[in-house]
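What's in work_32.csv: CSV, C-alpha atoms and all ligand atoms
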```csv
chain,number,residue,atom,x,y,z
A,1,ASN,CA,63.1,99.1,44.4
A,2,GLU,CA,66.2,100.0,46.4
A,3,VAL,CA,67.8,97.0,48.1
A,4,THR,CA,67.7,97.9,51.7
A,5,MET,CA,69.7,96.3,54.5
A,6,TRP,CA,68.6,96.3,58.0
A,7,LYS,CA,70.2,99.0,60.0
A,8,ASP,CA,70.6,98.6,63.8
A,9,TYR,CA,69.7,101.8,65.4
A,10,ASP,CA,69.1,103.3,68.8
A,11,ASN,CA,65.4,103.7,69.7
A,12,THR,CA,66.1,106.5,72.2
A,13,LYS,CA,67.1,108.7,69.3
A,14,LEU,CA,65.5,110.4,66.4
A,15,TYR,CA,67.2,110.1,63.0
A,16,MET,CA,67.7,113.0,60.6
A,17,SER,CA,67.7,110.4,57.9
A,18,ASP,CA,64.0,109.6,58.7
A,19,LEU,CA,63.0,113.3,58.8
A,20,GLU,CA,64.8,114.1,55.5
A,21,SER,CA,63.5,111.0,53.8
A,22,GLY,CA,60.0,112.0,55.0
A,23,LEU,CA,60.4,115.5,53.6
A,24,HIS,CA,61.6,114.1,50.3
A,25,TYR,CA,58.6,111.9,50.1
A,26,LEU,CA,56.3,114.7,51.1
A,27,PHE,CA,57.5,117.1,48.4
A,28,ARG,CA,58.2,114.7,45.6
A,29,VAL,CA,55.6,112.0,46.0
A,30,GLU,CA,52.7,113.2,48.2
A,31,LEU,CA,52.5,116.7,46.8
A,32,ALA,CA,52.9,115.5,43.3
A,33,SER,CA,49.3,114.3,43.0
A,34,HIS,CA,48.2,117.9,43.4
A,35,LYS,CA,48.9,119.5,40.0
A,36,THR,CA,48.0,123.0,41.1
A,37,LEU,CA,47.6,124.6,44.6
A,38,GLU,CA,45.0,127.2,45.1
A,39,GLY,CA,42.6,128.5,47.7
A,40,ALA,CA,42.6,126.7,51.1
A,41,LYS,CA,45.1,124.2,49.8
A,42,LEU,CA,47.6,126.9,48.9
A,43,LYS,CA,47.1,128.7,52.2
A,44,THR,CA,47.6,125.4,54.1
A,45,PHE,CA,50.8,124.7,52.1
A,46,LYS,CA,52.1,128.2,52.8
A,47,ASP,CA,51.5,127.9,56.6
A,48,PHE,CA,53.0,124.5,56.7
A,49,ILE,CA,56.2,125.7,55.0
A,50,THR,CA,56.3,128.7,57.3
A,51,ILE,CA,56.2,126.6,60.4
A,52,MET,CA,58.7,124.1,58.9
A,53,PHE,CA,61.1,126.9,58.0
A,54,LYS,CA,60.9,128.4,61.5
A,55,LEU,CA,60.8,125.2,63.5
A,56,PHE,CA,62.3,122.2,61.6
A,57,PRO,CA,65.4,121.3,63.5
A,58,GLY,CA,67.2,120.4,60.3
A,59,ARG,CA,70.5,120.7,58.5
A,60,GLN,CA,71.5,124.0,56.9
A,61,PRO,CA,70.9,123.0,53.2
A,62,VAL,CA,67.4,121.8,54.1
A,63,VAL,CA,66.5,124.8,56.2
A,64,LYS,CA,67.8,127.0,53.4
A,65,LEU,CA,65.5,125.2,51.0
A,66,LEU,CA,62.6,125.8,53.4
A,67,GLU,CA,63.5,129.4,53.7
A,68,THR,CA,63.7,129.9,50.0
A,69,LEU,CA,60.4,128.2,49.5
A,70,GLN,CA,58.8,130.3,52.2
A,71,GLU,CA,60.1,133.6,50.8
A,72,TRP,CA,58.9,132.6,47.4
A,73,LEU,CA,55.5,131.6,48.5
A,74,VAL,CA,54.8,134.8,50.6
A,75,SER,CA,56.1,137.1,47.9
A,76,LEU,CA,54.1,135.5,45.1
A,77,PRO,CA,51.2,137.5,43.9
A,78,LEU,CA,49.5,134.5,42.4
A,79,ASP,CA,46.5,132.8,43.8
A,80,LYS,CA,47.4,129.6,42.0
A,81,ILE,CA,50.7,127.7,42.0
A,82,PRO,CA,51.6,124.8,39.7
A,83,TYR,CA,53.1,121.9,41.5
A,84,ASP,CA,56.0,121.9,38.9
A,85,ALA,CA,57.1,125.3,40.1
A,86,ILE,CA,57.4,123.9,43.7
A,87,LEU,CA,59.2,120.9,42.4
A,88,ASP,CA,61.7,123.0,40.5
A,89,LEU,CA,62.5,124.9,43.7
A,90,VAL,CA,62.8,121.7,45.8
A,91,ASN,CA,65.2,120.3,43.1
A,92,ASN,CA,67.0,123.6,43.2
A,93,LYS,CA,66.8,124.2,39.4
A,94,MET,CA,68.0,127.7,39.9
A,95,ARG,CA,71.2,126.4,41.5
A,96,ILE,CA,71.1,128.7,44.5
A,97,SER,CA,74.1,127.7,46.5
A,98,GLY,CA,73.7,125.9,49.8
A,99,ILE,CA,70.3,124.3,49.1
A,100,PHE,CA,69.8,120.6,49.1
A,101,LEU,CA,67.3,118.0,50.0
A,102,THR,CA,68.1,114.3,49.5
A,103,ASN,CA,66.1,112.5,46.8
A,104,ARG,CA,66.5,109.1,48.4
A,105,ILE,CA,64.6,107.2,51.0
A,106,HIS,CA,66.7,105.8,53.9
A,107,TRP,CA,64.5,104.9,56.7
A,108,VAL,CA,66.3,104.2,60.0
A,109,GLY,CA,64.1,104.5,63.0
A,110,CYS,CA,61.2,104.2,60.6
A,111,GLN,CA,62.4,101.1,58.7
A,112,GLY,CA,59.9,98.3,58.4
A,113,SER,CA,60.6,94.6,58.3
A,114,ARG,CA,58.9,94.7,54.9
A,115,PRO,CA,59.1,97.6,52.4
A,116,GLU,CA,55.4,98.3,52.5
A,117,LEU,CA,55.4,98.7,56.3
A,118,ARG,CA,56.2,101.9,58.3
A,119,GLY,CA,58.3,104.4,56.4
A,120,TYR,CA,56.6,107.6,55.5
A,121,THR,CA,53.7,107.6,57.9
A,122,CYS,CA,56.1,107.0,60.8
A,123,ALA,CA,58.3,109.8,59.6
A,124,LEU,CA,55.3,112.1,59.3
A,125,TRP,CA,54.3,111.5,62.9
A,126,LYS,CA,57.9,112.2,64.0
A,127,LEU,CA,57.9,115.4,62.1
A,128,PHE,CA,54.6,116.5,63.6
A,129,HIS,CA,55.7,115.7,67.1
A,130,SER,CA,59.0,117.6,66.5
A,131,LEU,CA,57.1,120.6,65.4
A,132,THR,CA,54.8,120.7,68.4
A,133,VAL,CA,57.8,120.3,70.7
A,134,GLN,CA,59.9,123.0,68.9
A,135,ALA,CA,57.0,125.4,69.2
A,136,ALA,CA,56.8,124.8,72.9
A,137,ILE,CA,60.5,125.2,73.4
A,138,ARG,CA,61.0,128.2,71.1
A,139,PRO,CA,57.7,130.0,70.8
A,140,GLU,CA,59.6,133.2,69.8
A,141,ALA,CA,60.5,131.5,66.5
A,142,LEU,CA,57.0,132.2,65.1
A,143,ILE,CA,57.0,136.0,65.9
A,144,LYS,CA,56.1,138.1,62.9
A,145,THR,CA,54.9,135.1,60.8
A,146,GLY,CA,51.2,135.8,61.5
A,147,LEU,CA,51.1,132.4,63.3
A,148,GLU,CA,52.3,133.6,66.7
A,149,ASP,CA,50.2,133.8,69.9
A,150,ASN,CA,48.1,130.9,69.1
A,151,PRO,CA,48.8,127.8,71.2
A,152,GLN,CA,46.9,125.6,68.8
A,153,VAL,CA,48.7,126.9,65.7
A,154,ILE,CA,50.9,123.9,65.0
A,155,LEU,CA,48.0,121.5,65.6
A,156,GLN,CA,45.8,123.5,63.3
A,157,VAL,CA,48.4,123.6,60.5
A,158,VAL,CA,49.1,119.9,60.9
A,159,ARG,CA,45.3,119.2,60.9
A,160,LYS,CA,44.9,121.1,57.6
A,161,TYR,CA,48.0,119.5,56.1
A,162,ILE,CA,46.5,116.1,56.8
A,163,GLN,CA,43.0,117.1,55.5
A,164,HIS,CA,44.3,118.5,52.2
A,165,PHE,CA,47.4,116.5,51.4
A,166,PHE,CA,47.9,113.3,53.5
A,167,GLY,CA,47.7,110.4,51.0
A,168,CYS,CA,46.1,108.1,53.5
A,169,ARG,CA,42.5,109.3,53.2
A,170,GLU,CA,41.2,106.9,55.9
A,171,CYS,CA,43.8,108.2,58.3
A,172,ALA,CA,42.8,111.8,57.5
A,173,GLN,CA,39.2,111.1,58.2
A,174,HIS,CA,40.1,109.5,61.6
A,175,PHE,CA,42.4,112.3,62.5
A,176,GLU,CA,39.7,114.9,61.6
A,177,GLU,CA,37.2,113.3,63.9
A,178,MET,CA,39.7,113.5,66.8
A,179,ALA,CA,40.6,117.1,65.9
A,180,LYS,CA,36.9,118.1,65.8
A,181,ASP,CA,36.3,116.5,69.2
A,182,SER,CA,39.0,118.1,71.3
A,183,MET,CA,41.6,120.2,69.5
A,184,ASN,CA,39.8,123.3,70.6
A,185,SER,CA,40.4,122.6,74.3
A,186,VAL,CA,44.2,123.1,73.8
A,187,GLU,CA,45.2,126.2,75.7
A,188,THR,CA,49.0,126.2,75.8
A,189,LEU,CA,51.9,125.1,73.6
A,190,ASP,CA,52.7,122.4,76.2
A,191,GLN,CA,49.1,121.1,76.0
A,192,ALA,CA,49.5,120.9,72.2
A,193,VAL,CA,52.5,118.6,72.7
A,194,LEU,CA,50.4,116.3,74.9
A,195,TRP,CA,47.4,116.5,72.7
A,196,LEU,CA,49.3,115.1,69.8
A,197,TRP,CA,50.9,112.4,72.0
A,198,LYS,CA,47.5,111.3,73.3
A,199,LYS,CA,45.9,111.2,69.9
A,200,HIS,CA,48.8,109.2,68.5
A,201,ASN,CA,48.3,106.7,71.3
A,202,ILE,CA,44.6,106.4,70.4
A,203,VAL,CA,45.6,105.6,66.9
A,204,ASN,CA,48.2,103.1,68.2
A,205,LYS,CA,45.4,101.4,70.2
A,206,ARG,CA,43.1,101.3,67.3
A,207,LEU,CA,45.7,99.8,65.0
A,208,ALA,CA,47.2,97.2,67.4
A,209,GLY,CA,46.8,93.8,65.9
A,210,ALA,CA,45.7,95.2,62.5
A,211,ASN,CA,47.1,94.0,59.2
A,212,SER,CA,49.1,97.1,58.8
A,213,GLU,CA,51.0,96.4,62.0
A,214,ASP,CA,54.7,95.4,61.6
A,215,SER,CA,55.1,92.4,63.9
A,216,LYS,CA,58.6,93.7,64.6
A,217,PHE,CA,57.1,97.0,65.8
A,218,PRO,CA,54.0,96.1,67.7
A,219,LYS,CA,51.7,99.1,68.4
A,220,ILE,CA,52.1,100.0,72.1
A,221,GLN,CA,51.0,102.8,74.3
A,222,TRP,CA,54.1,104.9,73.9
A,223,PRO,CA,56.6,105.6,75.5
A,224,SER,CA,57.1,102.1,77.0
A,225,PRO,CA,58.3,101.8,80.6
A,226,ASP,CA,61.7,100.9,79.2
A,227,LEU,CA,62.0,104.1,77.3
A,228,CYS,CA,60.6,106.3,80.0
A,229,PRO,CA,60.1,104.6,83.4
A,230,ARG,CA,59.0,107.8,85.1
A,231,CYS,CA,56.3,108.4,82.6
A,232,HIS,CA,54.4,105.5,84.1
A,233,GLU,CA,52.9,105.7,87.6
A,234,GLU,CA,54.0,102.7,89.6
A,235,LYS,CA,50.7,100.9,89.7
A,236,GLY,CA,49.1,100.6,86.3
A,237,LEU,CA,51.0,100.3,83.1
A,238,HIS,CA,48.9,103.0,81.4
A,239,ASN,CA,48.6,105.2,84.3
A,240,TRP,CA,50.5,108.1,82.9
A,241,ASN,CA,52.4,110.8,84.8
A,242,GLU,CA,51.7,113.6,82.2
A,243,ALA,CA,54.3,116.0,83.6
A,244,GLU,CA,57.0,113.4,83.1
A,245,VAL,CA,55.6,112.5,79.7
A,246,LEU,CA,55.8,116.1,78.6
A,247,ALA,CA,59.4,116.4,79.9
A,248,PHE,CA,60.2,113.2,78.0
A,249,LEU,CA,58.7,114.4,74.8
A,250,LYS,CA,60.6,117.6,75.0
A,251,ARG,CA,63.8,115.7,75.3
A,252,TYR,CA,63.0,113.0,72.7
A,253,TYR,CA,61.7,115.3,70.0
A,254,THR,CA,64.3,117.9,70.2
A,255,GLY,CA,67.2,118.9,68.0
A,256,GLU,CA,69.8,117.6,70.4
A,257,ASN,CA,68.3,114.1,70.3
A,258,ILE,CA,68.6,113.8,66.5
A,259,SER,CA,71.3,111.5,65.3
A,260,GLN,CA,73.0,112.3,62.0
A,261,HIS,CA,74.1,108.7,61.6
A,262,PHE,CA,73.2,106.9,58.3
A,263,LEU,CA,72.9,110.2,56.3
A,264,ASP,CA,74.3,110.1,52.8
B,301,LIG,P1,53.9,105.1,64.1
B,301,LIG,O1,52.6,105.0,64.8
B,301,LIG,O2,54.0,105.6,62.8
B,301,LIG,O3,54.9,106.0,65.1
B,301,LIG,C1,56.2,106.4,64.6
B,301,LIG,C2,57.1,106.5,65.9
B,301,LIG,O4,56.6,107.6,66.7
B,301,LIG,C3,57.1,105.3,66.7
B,301,LIG,O5,58.0,104.4,66.2
B,301,LIG,C4,57.5,105.9,68.1
B,301,LIG,O6,58.9,106.1,68.1
B,301,LIG,C5,56.8,107.2,68.1
B,301,LIG,N1,55.5,107.2,68.8
B,301,LIG,C6,54.6,106.2,68.9
B,301,LIG,N2,53.6,106.6,69.6
B,301,LIG,C7,53.8,107.8,69.9
B,301,LIG,C8,53.0,108.8,70.7
B,301,LIG,N3,51.8,108.5,71.2
B,301,LIG,N4,53.5,110.0,70.8
B,301,LIG,C9,54.7,110.4,70.3
B,301,LIG,N5,55.5,109.5,69.6
B,301,LIG,C10,55.0,108.3,69.4
B,301,LIG,N6,47.1,104.0,59.8
B,301,LIG,C11,45.9,103.3,59.7
B,301,LIG,O7,46.0,102.1,59.3
B,301,LIG,N7,44.7,103.9,60.0
B,301,LIG,C12,44.6,105.2,60.4
B,301,LIG,O8,43.5,105.7,60.7
B,301,LIG,C13,45.8,105.9,60.5
B,301,LIG,N8,45.8,107.2,60.9
B,301,LIG,C14,47.0,107.9,60.9
B,301,LIG,C15,46.9,109.3,61.2
B,301,LIG,C16,48.1,110.1,61.1
B,301,LIG,C17,48.0,111.6,61.4
B,301,LIG,C18,49.3,109.5,60.7
B,301,LIG,C19,50.5,110.3,60.6
B,301,LIG,C20,49.3,108.1,60.4
B,301,LIG,C21,48.2,107.3,60.5
B,301,LIG,N9,48.2,106.0,60.2
B,301,LIG,C22,47.1,105.3,60.2
B,301,LIG,C23,49.5,105.3,60.1
B,301,LIG,C24,49.9,104.7,61.4
B,301,LIG,O9,49.6,105.5,62.5
B,301,LIG,C25,51.4,104.4,61.5
B,301,LIG,O10,52.2,105.5,61.0
B,301,LIG,C26,51.8,103.2,60.7
B,301,LIG,O11,51.1,102.0,61.0
B,301,LIG,C27,53.3,102.8,60.9
B,301,LIG,O12,53.5,102.5,62.3
B,301,LIG,P2,54.8,102.6,63.1
B,301,LIG,O13,55.0,101.3,63.8
B,301,LIG,O14,55.9,103.0,62.2
B,301,LIG,O15,54.6,103.7,64.3
```
For the structure just supplied, provide its representation as C-alpha cells.
Amino acid sequence: NEVTMWKDYDNTKLYMSDLESGLHYLFRVELASHKTLEGAKLKTFKDFITIMFKLFPGRQPVVKLLETLQEWLVSLPLDKIPYDAILDLVNNKMRISGIFLTNRIHWVGCQGSRPELRGYTCALWKLFHSLTVQAAIRPEALIKTGLEDNPQVILQVVRKYIQHFFGCRECAQHFEEMAKDSMNSVETLDQAVLWLWKKHNIVNKRLAGANSEDSKFPKIQWPSPDLCPRCHEEKGLHNWNEAEVLAFLKRYYTGENISQHFLD
C-alpha cells in the first residue's frame, strides 16, 4: 500500500535497494509461511544462510545480520526451529549493535509499471545470479564451510531453496525440471554462472507474451545487444559468444556494479 513513484535508473547497474528489499521480503514474507523449520528444510535454510553470509556483496549491517544468523544456526543443537526465533533475530530483538535490515520495499531496477508486476521474483533472480558470480570470483570464501570444492554448490543450494521455500510453486516446478535435466553437467564455477544465465533465458522465452509480462519490460533473451554488444556474434541475434557472456555476467553481477542510490 505504499505510494510508489517511478524512479529513473540505470539498467547497466544493480541496485542494493533491490537486493535488500528482496532479502526483507524473503525473511519476513516468504519464510513467514513456514512456522517451523526442520529436516531438509532446516538444512536448506542453513546452507542458504551460509552462502549468503560468505558471498552476499552487501552493506555491513546486513552482512552482520547474516553472520549472526549463520553462527546461531550452526551452533544450535535443535533439530527444529520456530520461524519466530528467526524473525526475532532478523528484527534484531537482542539489539546487537551494527545489525540492520530494512523493513521496506523499494524496488528500483525491479520496479514494475504496476505493483503486482516484477518486484520480488526479479530481485530473487538478481540475488541468485550475484551468488553464482561471487562464488566464481571468490571461491576461497567458502573454505571451511563444508560447501567448498563443489562447483555446483550454489546451484544446488538455490535449487533447494526454490524447492522448499519459493512461494511461486509453478515456478519451483519448472525450475526443478530444468535442474533435473542438466544441473549435474556443471563442472566448474564458471559453468555454474552460465548455467543459471541459460536457464533464466529459457524462462524468459517461455514467459514472453504471457499475462505476467510487464509491457514496459518485455521478456528478452538477455543481455540485449545494447547492454552487451560483444555477447552477440555478428550474424544472428541469439548466437551467443559465451566467453563474452561470462565476462559480462562477472562484471554486471559483481559488488563494484552495485549502486547504493535510492537506499533509505
Ligand atoms: P526477471 O526475469 O525477473 O529478471 C530480473 C532481471 O534479471 C532482469 O531485469 C535482467 O536485468 C536480469 N536478467 C534477465 N534475464 C537474465 C539472464 N538470462 N541471466 C541473467 N540475468 C538476467 N514466472 C512464471 O510466470 N512462471 C515460471 O515458471 C517462473 N519461474 C521462475 C523461476 C525462478 C527461479 C524465478 C526466480 C522466477 C520465476 N518466475 C516465473 C518469475 C519470472 O521469471 C520473473 O521474475 C517475473 O516475470 C518478473 O520479470 P522481470 O521482467 O522482472 O525479469
query = Please, which residues are within 10 Å of (58.3, 130.3, 64.3) by the file's coordinates, counting all atoms listed in the file, and could they come as a PyMOL selection string?
reply = chain A and resi 50-56+131+134-135+138-148+154
request  = Could you check which of A:Arg251, A:Lys180, A:His164, A:Arg118 is closest to ligand LIG 301 (chain B), using all atoms listed in the file?
outcome  = A:Arg118
Closest-contact table, chain A side, partner ligand LIG 301 (chain B), 6 Å, counting all atoms listed in the file, as a tab-separated table:
```
residue	atom	partner	partner_atom	distance
A:Cys110	CA	B:LIG301	O14	5.7
A:Arg118	CA	B:LIG301	C27	4.0
A:Thr121	CA	B:LIG301	O10	4.0
A:Cys122	CA	B:LIG301	O2	3.2
A:Leu124	CA	B:LIG301	C19	5.3
A:Trp125	CA	B:LIG301	C19	4.6
A:Lys126	CA	B:LIG301	O4	5.5
A:Glu170	CA	B:LIG301	O8	5.5
A:Cys171	CA	B:LIG301	N8	3.4
A:His174	CA	B:LIG301	O8	5.2
A:Phe175	CA	B:LIG301	C15	5.6
A:Trp197	CA	B:LIG301	N4	3.7
A:Lys198	CA	B:LIG301	N3	5.5
A:His200	CA	B:LIG301	N3	4.1
A:Asn201	CA	B:LIG301	N3	3.9
A:Val203	CA	B:LIG301	O9	5.9
A:Asn204	CA	B:LIG301	O1	5.9
A:Ser212	CA	B:LIG301	O11	5.7
A:Glu213	CA	B:LIG301	O11	5.7
A:Phe217	CA	B:LIG301	O13	5.2
A:Trp222	CA	B:LIG301	N2	4.7
```
remark   = Of A:Lys80, A:Lys205, A:Arg104, A:Lys216, the one sitting nearest Glu20 in chain A when using only C-alpha atoms is A:Arg104
Near range 30-38 of chain A, 9 Å: range 111-227 of chain A residue rows, closest pairs, only C-alpha atoms, as JSON lines:
```
{"residue": "A:Phe165", "atom": "CA", "partner": "A:Leu31", "partner_atom": "CA", "distance": 6.9}
{"residue": "A:Phe166", "atom": "CA", "partner": "A:Glu30", "partner_atom": "CA", "distance": 7.2}
{"residue": "A:Gly167", "atom": "CA", "partner": "A:Glu30", "partner_atom": "CA", "distance": 6.4}
```
Residues just named, written with C-alpha atoms as a short mmCIF file (atom, residue, chain, number, x, y, z; two decimals), in the coordinates of the input:
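Dumped to part28.cif:
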```
data_model
loop_
_atom_site.label_atom_id
_atom_site.label_comp_id
_atom_site.auth_asym_id
_atom_site.auth_seq_id
_atom_site.Cartn_x
_atom_site.Cartn_y
_atom_site.Cartn_z
CA PHE A 165 47.40 116.50 51.40
CA PHE A 166 47.90 113.30 53.50
CA GLY A 167 47.70 110.40 51.00
#
```
task = Quick one: residues within 10 Å of (46.8, 131.4, 48.6) (file frame), counting only C-alpha atoms, please, as a PyMOL selection string.
result = chain A and resi 37-47+73-74+76-81
task = For CA of Glu233 in chain A and CA of Asn11 in chain A, determine how far apart the two atoms are, in Å to one decimal place.
result = 21.9 Å
task = Kindly indicate which residue among A:Asp18, A:Asp10, A:Glu256, A:Glu177 lies nearest to His106 in chain A, using all atoms listed in the file for the distances.
result =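 Closest candidate: A:Asp18.
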request  = Identify, on the basis of only C-alpha atoms, every residue whose closest approach to His24 in chain A does not exceed 7 Å; exclude the query and any residue fewer than 2 positions from it along the same chain; express the result as a PyMOL selection string.
outcome  = chain A and resi 20-22+26-28+101-103
message = I'd like the neighbourhood of range 84-99 of chain A as a list in words, where a residue qualifies if any of its atoms comes within 6 Å (using only C-alpha atoms), though same-chain residues fewer than 2 positions away should be ignored.
response = Pro61, Lys64, Leu65 and Pro82 of chain A
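Compared by their closest atoms to Trp107 in chain A, and using only C-alpha atoms, the residues A:Gln152, A:Gln191, A:Ser130, A:Ser17 rank with A:Ser17 nearest.
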query = Taking only C-alpha atoms into account, which of A:Ala123, A:Val29, A:Leu155, A:Ala210 comes nearest Glu176 in chain A?
reply =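 Smallest distance to Glu176 in chain A is found for A:Leu155.
Nearest residue to Gln70 in chain A among A:Gly58, A:Pro225, A:Ile49, A:Val245 is A:Ile49, counting all atoms listed in the file.
Note that the spacing between CA of Arg230 in chain A and CA of Leu249 in chain A amounts to 12.2 Å.
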